[in-house]
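A.B. asks: Just work.txt, nothing more (compact mmCIF, C-alpha atoms):
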# COMPACT_ATOMS: atom_id res chain seq x y z
CA MET A 1 -4.13 -11.36 34.36
CA ILE A 2 -1.43 -13.30 32.47
CA LYS A 3 -3.64 -16.39 32.64
CA LYS A 4 -6.47 -14.43 31.02
CA ILE A 5 -4.21 -13.18 28.24
CA ALA A 6 -2.91 -16.70 27.65
CA ILE A 7 -6.48 -18.01 27.38
CA PHE A 8 -7.28 -15.18 24.95
CA ILE A 9 -4.31 -16.06 22.77
CA ILE A 10 -5.15 -19.75 22.73
CA THR A 11 -8.78 -18.97 21.84
CA THR A 12 -7.69 -16.60 19.08
CA LEU A 13 -5.21 -19.05 17.70
CA THR A 14 -7.92 -21.67 17.63
CA LEU A 15 -10.14 -19.28 15.73
CA VAL A 16 -7.31 -18.49 13.37
CA GLY A 17 -6.80 -22.18 12.68
CA ASN A 18 -4.76 -23.22 9.66
CA VAL A 19 -1.68 -23.97 11.72
CA ASN A 20 0.74 -25.26 9.17
CA ALA A 21 4.44 -25.74 9.39
CA ALA A 22 4.96 -24.95 5.74
CA SER A 23 6.43 -21.52 5.23
CA ASP A 24 7.33 -21.54 1.60
CA GLY A 25 6.91 -18.24 -0.25
CA GLU A 26 4.05 -19.27 -2.48
CA LEU A 27 2.01 -20.64 0.42
CA LEU A 28 2.72 -17.51 2.44
CA LEU A 29 1.59 -15.39 -0.49
CA LYS A 30 -1.65 -17.35 -0.93
CA LYS A 31 -2.48 -17.47 2.76
CA ASN A 32 -2.02 -13.75 3.16
CA ASP A 33 -3.73 -12.75 -0.06
CA PRO A 34 -6.09 -9.89 0.92
CA SER A 35 -8.92 -11.32 -1.16
CA GLU A 36 -8.68 -14.63 0.75
CA ILE A 37 -8.97 -13.10 4.22
CA LYS A 38 -12.38 -13.63 5.74
CA GLU A 39 -14.69 -10.91 6.97
CA CYS A 40 -16.31 -12.61 9.98
CA TRP A 41 -17.41 -9.62 12.03
CA GLU A 42 -18.29 -6.97 9.47
CA GLY A 43 -20.95 -5.31 11.64
CA PHE A 44 -18.57 -4.91 14.57
CA ASN A 45 -15.71 -3.89 12.27
CA ARG A 46 -17.71 -1.19 10.53
CA ALA A 47 -18.89 0.18 13.91
CA SER A 48 -15.26 0.25 15.17
CA PHE A 49 -14.17 1.86 11.91
CA ALA A 50 -16.80 4.60 12.31
CA LEU A 51 -15.63 5.20 15.89
CA ASN A 52 -12.00 5.41 14.72
CA GLN A 53 -12.96 7.83 11.96
CA GLY A 54 -14.60 10.01 14.61
CA LEU A 55 -11.48 9.87 16.79
CA ASP A 56 -9.34 10.65 13.78
CA LYS A 57 -11.47 13.67 12.96
CA ILE A 58 -11.35 15.17 16.45
CA ILE A 59 -7.89 14.07 17.63
CA PHE A 60 -5.42 12.53 15.18
CA LYS A 61 -6.10 14.62 12.09
CA PRO A 62 -5.89 18.03 13.82
CA VAL A 63 -2.77 17.00 15.78
CA ALA A 64 -1.17 15.55 12.64
CA SER A 65 -1.90 18.72 10.68
CA VAL A 66 0.04 20.75 13.29
CA TYR A 67 2.81 18.13 13.48
CA ARG A 68 3.29 18.37 9.70
CA THR A 69 4.24 22.02 10.03
CA LEU A 70 7.30 21.18 12.18
CA PRO A 71 10.67 21.53 10.43
CA SER A 72 11.68 18.42 8.47
CA PRO A 73 14.75 17.60 10.62
CA VAL A 74 12.54 17.47 13.73
CA LYS A 75 9.99 15.15 12.07
CA THR A 76 12.75 12.94 10.66
CA GLY A 77 14.39 12.81 14.09
CA VAL A 78 11.15 11.80 15.82
CA SER A 79 10.51 9.18 13.17
CA ASN A 80 14.07 7.86 13.56
CA SER A 81 13.72 7.66 17.36
CA LEU A 82 10.47 5.68 17.05
CA ASN A 83 12.07 3.32 14.53
CA ASN A 84 15.05 2.87 16.80
CA LEU A 85 12.78 2.01 19.73
CA SER A 86 10.92 -0.54 17.62
CA ASN A 87 14.19 -2.51 17.32
CA VAL A 88 13.47 -4.01 20.73
CA VAL A 89 10.55 -5.89 19.11
CA THR A 90 12.15 -6.35 15.69
CA ILE A 91 15.34 -8.05 16.97
CA PRO A 92 13.60 -10.91 18.87
CA ASN A 93 11.36 -11.40 15.86
CA ASN A 94 14.37 -11.55 13.51
CA LEU A 95 15.68 -14.34 15.73
CA LEU A 96 12.32 -16.13 15.90
CA GLN A 97 12.14 -16.04 12.10
CA GLY A 98 15.65 -17.47 11.83
CA GLU A 99 17.00 -14.22 10.34
CA PHE A 100 20.19 -14.20 12.42
CA SER A 101 22.12 -11.89 10.14
CA LYS A 102 19.34 -9.29 10.24
CA ALA A 103 19.15 -9.66 14.04
CA GLY A 104 22.89 -8.90 14.17
CA ASP A 105 22.56 -5.88 11.87
CA ASN A 106 19.64 -4.52 13.87
CA THR A 107 21.43 -5.01 17.18
CA ILE A 108 24.40 -3.03 15.86
CA ARG A 109 21.97 -0.46 14.46
CA PHE A 110 20.23 -0.13 17.83
CA ILE A 111 23.48 0.27 19.78
CA ILE A 112 24.95 2.81 17.35
CA ASN A 113 21.80 4.86 16.97
CA THR A 114 20.99 4.88 20.69
CA THR A 115 24.48 6.11 21.58
CA PHE A 116 26.02 8.07 18.70
CA GLY A 117 22.62 8.83 17.26
CA ILE A 118 21.39 10.48 20.50
CA LEU A 119 18.61 8.06 21.49
CA GLY A 120 17.91 7.26 17.87
CA PHE A 121 17.24 10.83 16.76
CA ILE A 122 19.91 10.54 14.06
CA ASP A 123 20.06 7.39 11.96
CA VAL A 124 23.85 7.05 12.10
CA ALA A 125 23.59 3.38 11.06
CA ASN A 126 22.12 4.46 7.75
CA TYR A 127 25.01 6.83 7.11
CA ILE A 128 27.59 4.13 7.75
CA GLY A 129 25.84 1.83 5.30
CA LEU A 130 23.95 -0.73 7.37
CA PRO A 131 21.16 -2.46 5.40
CA LYS A 132 17.78 -0.75 5.23
CA TYR A 133 15.74 -1.22 8.41
CA GLU A 134 12.61 -3.38 8.17
CA LYS A 135 10.30 -3.61 11.16
CA GLU A 136 9.20 -7.03 12.30
CA ASP A 137 6.52 -8.00 14.80
CA TYR A 138 5.04 -11.13 16.40
CA GLY A 139 2.17 -11.23 13.88
CA GLN A 140 4.69 -11.47 11.05
CA THR A 141 6.61 -14.17 12.90
CA LEU A 142 3.45 -16.24 13.38
CA ALA A 143 2.73 -15.80 9.66
CA VAL A 144 6.25 -16.85 8.67
CA HIS A 145 5.76 -20.03 10.71
CA GLY A 146 2.66 -20.84 8.73
CA LEU A 147 -0.19 -19.43 10.79
CA GLY A 148 -3.01 -18.09 8.63
CA PRO A 149 -4.34 -14.57 9.23
CA GLY A 150 -7.82 -15.68 10.33
CA CYS A 151 -10.56 -13.08 10.18
CA TYR A 152 -10.10 -9.40 9.49
CA LEU A 153 -10.68 -7.25 12.55
CA VAL A 154 -10.97 -3.52 13.26
CA LEU A 155 -10.19 -2.67 16.88
CA PRO A 156 -11.45 0.51 18.50
CA VAL A 157 -8.62 3.10 18.65
CA LEU A 158 -5.98 0.59 17.45
CA GLY A 159 -7.42 0.18 13.95
CA PRO A 160 -7.23 -2.63 11.38
CA THR A 161 -5.63 -5.99 12.13
CA THR A 162 -6.31 -9.70 11.73
CA ALA A 163 -7.00 -12.36 14.37
CA ARG A 164 -3.41 -13.60 14.03
CA ASP A 165 -1.86 -10.15 14.22
CA ALA A 166 -4.01 -9.20 17.24
CA ALA A 167 -2.81 -12.36 18.98
CA GLY A 168 0.76 -11.45 17.98
CA SER A 169 0.36 -7.98 19.47
CA THR A 170 -0.65 -9.39 22.84
CA LEU A 171 2.77 -11.07 23.02
CA ASN A 172 4.19 -7.56 23.42
CA PHE A 173 2.43 -7.39 26.77
CA LEU A 174 3.67 -10.82 27.85
CA GLY A 175 7.33 -9.88 27.93
CA GLY A 176 7.91 -9.62 24.17
CA ASP A 177 8.47 -5.87 24.13
CA ALA A 178 11.41 -4.69 26.23
CA TRP A 179 10.17 -1.08 26.06
CA TYR A 180 6.81 -2.12 27.57
CA ASN A 181 8.66 -4.16 30.21
CA VAL A 182 10.77 -1.24 31.44
CA THR A 183 7.99 1.32 31.32
CA VAL A 184 4.68 -0.30 32.25
CA GLN A 185 5.37 -3.85 33.38
CA ASN A 186 8.19 -3.22 35.83
CA ASP A 187 8.88 -0.28 38.07
CA THR A 188 12.42 0.55 36.97
CA LYS A 189 12.26 4.09 38.43
CA HIS A 190 13.83 5.36 35.18
CA PHE A 191 10.67 5.26 33.07
CA SER A 192 6.93 5.51 33.66
CA ASP A 193 3.74 4.31 31.98
CA PHE A 194 3.52 7.76 30.43
CA ASP A 195 6.71 7.18 28.43
CA TYR A 196 5.26 4.05 26.85
CA TYR A 197 1.84 5.46 26.01
CA SER A 198 3.22 8.78 24.77
CA SER A 199 5.61 6.93 22.45
CA LYS A 200 2.67 4.95 21.03
CA ALA A 201 0.56 8.10 20.60
CA THR A 202 3.48 9.87 18.89
CA ALA A 203 3.89 6.89 16.54
CA GLY A 204 0.18 7.21 15.66
CA VAL A 205 0.51 10.94 14.96
CA ASP A 206 3.74 10.41 12.97
CA PHE A 207 2.02 7.78 10.80
CA ARG A 208 -1.05 10.00 10.30
CA ALA A 209 1.11 13.00 9.37
CA LYS A 210 3.20 11.02 6.87
CA ASN A 211 0.05 9.76 5.17
CA TYR A 212 -2.01 12.91 5.65
CA ASP A 213 -2.74 13.66 2.00
CA SER A 214 -2.97 10.02 0.96
CA ILE A 215 -5.59 9.19 3.61
CA ASN A 216 -7.61 12.31 2.79
CA ASN A 217 -7.38 11.45 -0.88
CA VAL A 218 -8.53 7.86 -0.44
CA GLU A 219 -11.38 8.96 1.82
CA LYS A 220 -12.55 11.58 -0.66
CA ASN A 221 -12.37 9.29 -3.68
CA SER A 222 -13.71 6.02 -2.27
CA ILE A 223 -17.12 4.58 -2.84
CA ASP A 224 -16.55 2.40 0.24
CA PHE A 225 -13.79 3.86 2.42
CA TYR A 226 -13.94 0.94 4.88
CA ALA A 227 -13.22 -1.54 2.05
CA SER A 228 -10.38 0.63 0.70
CA VAL A 229 -8.65 0.82 4.08
CA LYS A 230 -9.10 -2.92 4.56
CA SER A 231 -7.54 -3.65 1.17
CA LEU A 232 -4.62 -1.25 1.70
CA TYR A 233 -3.93 -2.61 5.19
CA LEU A 234 -4.00 -6.25 4.08
CA GLN A 235 -1.82 -5.57 1.02
CA ASP A 236 0.68 -3.82 3.28
CA ARG A 237 0.72 -6.74 5.74
CA GLN A 238 1.23 -9.19 2.88
CA GLN A 239 4.26 -7.19 1.71
CA LYS A 240 5.70 -6.99 5.22
CA ILE A 241 5.27 -10.71 5.86
CA LEU A 242 7.00 -11.52 2.58
CA ASN A 243 9.62 -8.81 3.22
CA THR A 244 9.35 -7.62 -0.32
CA ASP A 245 8.42 -4.48 -2.15
CA LYS A 246 8.51 -6.26 -5.48
CA ILE A 247 5.00 -6.10 -6.81
CA VAL A 248 5.86 -8.38 -9.72
CA ASP A 249 6.49 -11.26 -7.35
CA THR A 250 3.42 -10.70 -5.26
CA GLN A 251 0.71 -10.00 -7.80
CA ASN A 252 -1.13 -12.58 -9.74
CA ASP A 253 -1.05 -11.51 -13.37
CA SER A 254 -3.74 -13.93 -14.45
CA ASP A 255 -6.46 -11.48 -13.40
CA TRP A 256 -5.11 -9.03 -15.92
CA GLU A 257 -4.37 -11.52 -18.66
CA GLU A 258 -8.05 -12.23 -19.17
CA ILE A 259 -8.77 -8.63 -20.06
CA GLU A 260 -8.01 -8.00 -23.67
CA ASN A 261 -9.08 -5.00 -25.62
CA MET B 1 23.34 -9.05 -54.24
CA ILE B 2 19.92 -10.36 -53.32
CA LYS B 3 21.30 -11.53 -49.99
CA ARG B 4 22.62 -8.02 -49.26
CA LEU B 5 19.31 -6.53 -50.25
CA VAL B 6 17.45 -8.89 -47.91
CA ILE B 7 19.81 -8.05 -45.02
CA THR B 8 19.43 -4.31 -45.66
CA LEU B 9 15.68 -4.66 -45.84
CA PHE B 10 15.68 -6.72 -42.65
CA ILE B 11 17.77 -4.12 -40.77
CA TYR B 12 15.57 -1.36 -42.10
CA LEU B 13 12.43 -3.15 -40.93
CA ILE B 14 13.86 -3.72 -37.45
CA SER B 15 14.87 -0.06 -37.14
CA PHE B 16 11.48 1.01 -38.40
CA THR B 17 9.66 -1.18 -35.86
CA ASN B 18 11.82 0.26 -33.09
CA VAL B 19 10.99 3.77 -34.19
CA LEU B 20 7.29 2.98 -34.08
CA SER B 21 7.32 1.30 -30.67
CA THR B 22 7.33 3.42 -27.52
CA GLU B 23 9.46 2.28 -24.63
CA PRO B 24 7.32 2.01 -21.44
CA ASP B 25 9.75 4.03 -19.30
CA ILE B 26 9.90 6.84 -21.85
CA PHE B 27 6.11 6.72 -22.11
CA VAL B 28 5.77 7.07 -18.30
CA GLN B 29 8.31 9.90 -18.09
CA SER B 30 6.61 11.82 -20.88
CA THR B 31 3.17 11.29 -19.31
CA VAL B 32 4.49 12.48 -15.96
CA ASN B 33 6.11 15.50 -17.59
CA ARG B 34 2.84 16.38 -19.31
CA ALA B 35 0.93 16.17 -16.04
CA SER B 36 3.60 18.04 -14.03
CA LYS B 37 3.72 20.86 -16.56
CA LEU B 38 -0.03 21.17 -16.43
CA LEU B 39 -0.19 21.08 -12.64
CA SER B 40 2.39 23.86 -12.33
CA GLU B 41 0.51 26.13 -14.73
CA ASN B 42 -1.31 29.14 -13.40
CA ILE B 43 -4.83 28.04 -14.36
CA THR B 44 -7.93 27.27 -12.33
CA LYS B 45 -8.43 23.90 -10.64
CA GLU B 46 -11.38 23.20 -12.93
CA GLU B 47 -9.21 23.75 -16.02
CA LYS B 48 -6.53 21.50 -14.56
CA ILE B 49 -9.09 18.77 -13.93
CA MET B 50 -10.36 19.04 -17.50
CA GLN B 51 -6.84 18.83 -18.96
CA LEU B 52 -5.89 15.95 -16.65
CA GLN B 53 -8.90 14.02 -17.87
CA LEU B 54 -7.68 14.42 -21.45
CA ILE B 55 -4.25 13.10 -20.47
CA ALA B 56 -5.90 10.14 -18.69
CA LYS B 57 -8.00 9.31 -21.76
CA ASP B 58 -4.80 9.27 -23.85
CA THR B 59 -2.63 7.25 -21.56
CA VAL B 60 -4.74 5.04 -19.27
CA ASP B 61 -6.55 1.84 -20.25
CA ILE B 62 -9.75 2.93 -18.51
CA ARG B 63 -11.89 0.19 -20.05
CA GLY B 64 -9.37 -2.53 -19.10
CA ILE B 65 -9.08 -1.24 -15.53
CA GLY B 66 -12.87 -1.08 -15.32
CA PHE B 67 -13.28 -4.75 -16.17
CA TYR B 68 -10.39 -5.80 -13.94
CA THR B 69 -12.02 -3.85 -11.10
CA LEU B 70 -15.27 -5.70 -11.60
CA GLY B 71 -13.55 -9.06 -11.12
CA SER B 72 -15.30 -12.27 -12.08
CA VAL B 73 -18.70 -10.51 -12.01
CA ARG B 74 -17.95 -9.16 -15.50
CA LYS B 75 -18.42 -12.63 -16.94
CA SER B 76 -22.06 -12.74 -15.90
CA LEU B 77 -23.05 -9.33 -17.30
CA THR B 78 -25.09 -8.86 -20.46
CA LYS B 79 -23.67 -6.77 -23.29
CA GLU B 80 -25.96 -3.87 -22.33
CA GLU B 81 -24.85 -4.05 -18.72
CA LYS B 82 -21.19 -4.13 -19.78
CA ASP B 83 -21.67 -1.05 -21.97
CA LYS B 84 -23.50 0.78 -19.22
CA TYR B 85 -20.80 -0.20 -16.72
CA SER B 86 -17.99 0.97 -19.03
CA LYS B 87 -19.59 4.38 -19.42
CA LEU B 88 -20.24 4.78 -15.69
CA PHE B 89 -16.79 3.53 -14.80
CA GLU B 90 -15.10 5.98 -17.15
CA LYS B 91 -16.94 8.91 -15.57
CA TYR B 92 -16.14 7.63 -12.08
CA PHE B 93 -12.50 6.98 -12.93
CA LEU B 94 -11.88 10.34 -14.56
CA LYS B 95 -13.42 12.23 -11.67
CA SER B 96 -11.54 10.22 -9.06
CA PHE B 97 -8.22 10.32 -10.98
CA SER B 98 -8.27 14.03 -11.77
CA SER B 99 -9.39 15.18 -8.34
CA ARG B 100 -6.61 13.10 -6.75
CA LEU B 101 -3.94 14.65 -8.96
CA ALA B 102 -5.29 18.19 -9.02
CA GLU B 103 -4.32 18.59 -5.34
CA TYR B 104 -0.62 18.45 -6.21
CA THR B 105 1.02 21.65 -7.39
CA ASN B 106 4.28 20.45 -8.89
CA PRO B 107 4.95 16.76 -8.35
CA GLU B 108 8.48 15.76 -9.29
CA ILE B 109 8.68 12.17 -10.45
CA ASP B 110 11.87 10.47 -11.61
CA VAL B 111 11.67 7.26 -13.63
CA ASN B 112 14.42 4.97 -12.37
CA ASP B 113 14.08 1.54 -13.90
CA LYS B 114 11.81 -0.91 -15.69
CA GLU B 115 11.12 -4.62 -15.46
CA VAL B 116 9.58 -6.53 -18.33
CA ILE B 117 7.17 -9.12 -16.90
CA ASN B 118 6.06 -10.57 -20.23
CA GLU B 119 5.25 -9.28 -23.69
CA ASN B 120 2.05 -7.67 -22.41
CA TYR B 121 3.31 -6.06 -19.22
CA THR B 122 6.24 -3.95 -18.07
CA ILE B 123 6.57 -2.47 -14.60
CA VAL B 124 8.16 1.00 -14.68
CA LYS B 125 9.68 2.07 -11.39
CA SER B 126 9.70 5.70 -10.34
CA THR B 127 10.07 7.94 -7.31
CA LEU B 128 7.95 10.88 -6.24
CA LYS B 129 10.44 13.24 -4.61
CA ALA B 130 10.00 14.14 -0.94
CA THR B 131 8.66 17.53 0.09
CA ASN B 132 8.71 19.20 3.48
CA GLU B 133 5.34 17.64 4.23
CA ARG B 134 5.74 14.07 3.06
CA PRO B 135 8.54 11.56 2.58
CA GLU B 136 9.74 10.19 -0.77
CA ILE B 137 7.23 7.78 -2.34
CA LYS B 138 7.97 4.85 -4.63
CA ILE B 139 5.53 4.51 -7.49
CA ASP B 140 5.48 1.55 -9.88
CA TRP B 141 3.45 1.73 -13.08
CA ARG B 142 1.94 -1.38 -14.64
CA ILE B 143 2.13 -0.68 -18.36
CA TYR B 144 0.12 -2.72 -20.83
CA THR B 145 2.42 -3.19 -23.81
CA LYS B 146 0.45 -5.47 -26.10
CA ASP B 147 0.26 -2.66 -28.64
CA LYS B 148 3.90 -1.56 -28.70
CA LYS B 149 3.06 1.69 -30.44
CA ASN B 150 0.44 2.62 -27.91
CA PRO B 151 1.34 1.51 -24.38
CA LEU B 152 -1.27 2.17 -21.72
CA ILE B 153 -1.24 2.50 -17.93
CA ARG B 154 -3.20 -0.21 -16.14
CA ASP B 155 -2.20 0.24 -12.52
CA LEU B 156 -0.26 2.44 -10.11
CA ILE B 157 1.47 0.64 -7.29
CA ILE B 158 2.29 3.11 -4.55
CA GLU B 159 4.80 1.82 -1.98
CA GLY B 160 3.78 -1.70 -2.94
CA LEU B 161 0.03 -1.03 -2.70
CA SER B 162 -1.90 -1.49 -5.91
CA LEU B 163 -4.58 1.09 -6.62
CA ALA B 164 -6.37 -1.19 -9.09
CA ARG B 165 -6.46 -4.00 -6.56
CA THR B 166 -7.76 -1.66 -3.85
CA GLN B 167 -10.46 -0.45 -6.21
CA LYS B 168 -11.34 -4.03 -7.13
CA GLU B 169 -11.80 -5.01 -3.49
CA GLU B 170 -13.81 -1.86 -2.87
CA PHE B 171 -16.20 -2.69 -5.71
CA ALA B 172 -16.43 -6.31 -4.49
CA SER B 173 -17.41 -5.00 -1.05
CA VAL B 174 -20.22 -2.87 -2.52
CA LEU B 175 -21.50 -5.89 -4.46
CA ASN B 176 -21.20 -8.29 -1.49
CA SER B 177 -23.09 -5.92 0.79
CA ASN B 178 -25.94 -5.84 -1.74
CA ASN B 179 -26.30 -9.51 -2.70
CA GLY B 180 -24.27 -9.00 -5.86
CA ASN B 181 -26.83 -6.56 -7.29
CA ILE B 182 -25.02 -4.76 -10.14
CA GLU B 183 -27.68 -2.04 -10.22
CA VAL B 184 -26.60 -0.89 -6.74
CA LEU B 185 -23.03 -0.55 -8.02
CA PHE B 186 -24.29 1.41 -11.04
CA LYS B 187 -26.20 3.73 -8.71
CA THR B 188 -23.18 4.19 -6.43
CA LEU B 189 -20.97 5.08 -9.40
CA GLU B 190 -23.57 7.49 -10.73
CA GLU B 191 -23.87 9.22 -7.35
CA PHE B 192 -20.08 9.52 -7.07
CA SER B 193 -19.71 11.01 -10.52
CA ASN B 194 -22.48 13.59 -10.17
Just dump the structure as structure tokens.
C.D. replies:
Amino acid sequence: MIKKIAIFIITTLTLVGNVNAASDGELLLKKNDPSEIKECWEGFNRASFALNQGLDKIIFKPVASVYRTLPSPVKTGVSNSLNNLSNVVTIPNNLLQGEFSKAGDNTIRFIINTTFGILGFIDVANYIGLPKYEKEDYGQTLAVHGLGPGCYLVLPVLGPTTARDAAGSTLNFLGGDAWYNVTVQNDTKHFSDFDYYSSKATAGVDFRAKNYDSINNVEKNSIDFYASVKSLYLQDRQQKILNTDKIVDTQNDSDWEEIEN
Amino acid sequence: MIKRLVITLFIYLISFTNVLSTEPDIFVQSTVNRASKLLSENITKEEKIMQLQLIAKDTVDIRGIGFYTLGSVRKSLTKEEKDKYSKLFEKYFLKSFSSRLAEYTNPEIDVNDKEVINENYTIVKSTLKATNERPEIKIDWRIYTKDKKNPLIRDLIIEGLSLARTQKEEFASVLNSNNGNIEVLFKTLEEFSN
């Protein structure tokens, strides 16, 4: 099984190509520019997208609409717990990206929130002034080390990604995600497969509920909903890879400069 | 004496220019206040949509956004095609813009900061306050400031995601799927607006 996954990763990485040690901000920005990312499997992607829309309509949207009615402290607590759990992937990726200070902060955050914060339900670390939490994953780490995104991909159930990010996600199942290791991979007798998959499903519902109106709005007002979701996803990935929310640094103004009234 | 007069005149002119120019952050806050007031009024959704469209016509550079959205394709259009596109885009934009906003009952937006990019653009930073159903949302406004007296909105960047850019890539997708045929885009816009 592991051999198969390794072969898959190598094949994907070959497809992704563009392995480049350079990781300077401008190059990162250009490589991950949504308009530069190729659409190699549009037919497959659109079919997957249609399937996901169907699943959203019959499962995620109705569940999210009920979840939204829960009291705010409960939703915030669930969201905090999921964020806390994601530290087990973020911390190794902080280290792999050479962000040792962030790795330290997130380790302290994880310990404090898991203990004093009752399994992450309360974000105690935030109250005591630790820096804002930013999730990291293996796709972002590969990007930081210069790997291009490759082709855009929509996976059934899992949704939009790129060849690089899909390859990055498989590293979670090869020992890169401690939560997966103690639930699915190894029989620790404390956790079961159910714990892992229910946490992933809850994260999906939490995301859908937080973006309930926005997604409905985009769907209603798009002339090509597939293209809108693709653009929004790729812009979001670009921001996360660059670890910035500063639009002025990440947008090319020349497109606008040409338009004069 | 003449020197004094020149200095006085100079100061007067500077003050006068400042009075005439509208600061982008004040412009955004007043636009938001106008929209919020309207959205909280006890009128029908149709009336709200109509009023929102008037606000959009006043404050948004619809023509500029339209051409940005079209990307490099705009360079190959004839004058007639450009005019037709501008009209269709305006109808599309106003419908899309107003129906998005009309869903909100009383959005509370605070303008926090601004960043001047160059003499033509300022980014105004604001926050849409959290409600029980959704978290706080950061909204940046790309304001076109070439005409200091009449700043215009050119983009909304919600949590780092640009609406104009999303729209541009959406239009590009429609064109790419139809061998770059502008007539298909015209038809799509017409269908959306009707």
A.B. asks: Pull out every residue of chain B sitting within 6 Å of chain A, counting all atoms listed in the file, and send them as a short mmCIF file (atom, residue, chain, number, x, y, z; two decimals) with C-alpha atoms, keeping the file's coordinate frame.
C.D. replies:
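Resulting contents of iface_24.cif:
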data_model
loop_
_atom_site.label_atom_id
_atom_site.label_comp_id
_atom_site.auth_asym_id
_atom_site.auth_seq_id
_atom_site.Cartn_x
_atom_site.Cartn_y
_atom_site.Cartn_z
CA SER B 96 -11.54 10.22 -9.06
CA ASN B 132 8.71 19.20 3.48
CA GLU B 133 5.34 17.64 4.23
CA ARG B 134 5.74 14.07 3.06
CA GLY B 160 3.78 -1.70 -2.94
CA THR B 166 -7.76 -1.66 -3.85
CA GLU B 170 -13.81 -1.86 -2.87
#
A.B. asks: Can you measure CA of Thr107 in chain A to CA of Gly139 in chain A for me? One decimal in Å is fine.
C.D. replies: 20.5 Å
A.B. asks: Separation of CA of Ser30 in chain B and CA of Glu219 in chain A, in Å?
C.D. replies: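 About the pair CA of Ser30 in chain B and CA of Glu219 in chain A: they are 29.1 Å apart.
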A.B. asks: May I ask for the distance between CA of Lys149 in chain B and CA of Gly71 in chain B, given in Å to one decimal place?
C.D. replies: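 Going from CA of Lys149 in chain B over to CA of Gly71 in chain B, I get 27.7 Å.
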A.B. asks: From the set B:Ile182, B:Leu54, B:Ile123, B:Leu189, which residue has the shortest atom-to-atom contact distance to Asp155 in chain B, counting all atoms listed in the file?
C.D. replies: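 Under the stated criterion, the closest residue is B:Ile123.
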A.B. asks: Considering all atoms listed in the file, state which residue in the set B:Glu41, B:Asp113, B:Asp58, B:Glu90 is at the smallest distance from Glu190 in chain B.
C.D. replies: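 Closest candidate: B:Glu90.
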A.B. asks: Neighbourhood query: residues within 8 Å of (6.8, -11.3, 12.8), file coordinates, counting all atoms listed in the file; return as JSON, numbers by chain.
C.D. replies: {"A": [90, 93, 94, 96, 97, 136, 137, 138, 139, 140, 141, 142, 143, 144, 168, 241]}
A.B. asks: Leaving out range 113-128 of chain A and any residue of its chain fewer than 3 positions from it, which residues lie within 7 Å of it when counting only C-alpha atoms, given as an mmCIF file with C-alpha atoms, in the coordinates of the input?
C.D. replies:
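Listing of out-v9.cif after writing:
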data_model
loop_
_atom_site.group_PDB
_atom_site.id
_atom_site.type_symbol
_atom_site.label_atom_id
_atom_site.label_comp_id
_atom_site.auth_asym_id
_atom_site.auth_seq_id
_atom_site.Cartn_x
_atom_site.Cartn_y
_atom_site.Cartn_z
ATOM 1 C CA GLY A 77 14.390 12.810 14.090
ATOM 2 C CA VAL A 78 11.150 11.800 15.820
ATOM 3 C CA ASN A 80 14.070 7.860 13.560
ATOM 4 C CA SER A 81 13.720 7.660 17.360
ATOM 5 C CA ASN A 84 15.050 2.870 16.800
ATOM 6 C CA ARG A 109 21.970 -0.460 14.460
ATOM 7 C CA PHE A 110 20.230 -0.130 17.830
#
A.B. asks: Hey, can you pull every residue with an atom no more than 7 Å from (16.1, -10.8, 4.4), using only C-alpha atoms, and send it as an MDAnalysis selection string?
C.D. replies: chainID A and resid 99 102 243
A.B. asks: Can you work out which one of B:Tyr68, B:Tyr121, B:Phe89, B:Phe27 has the shortest atom-to-atom distance to Arg142 in chain B, counting all atoms listed in the file?
C.D. replies: B:Tyr121
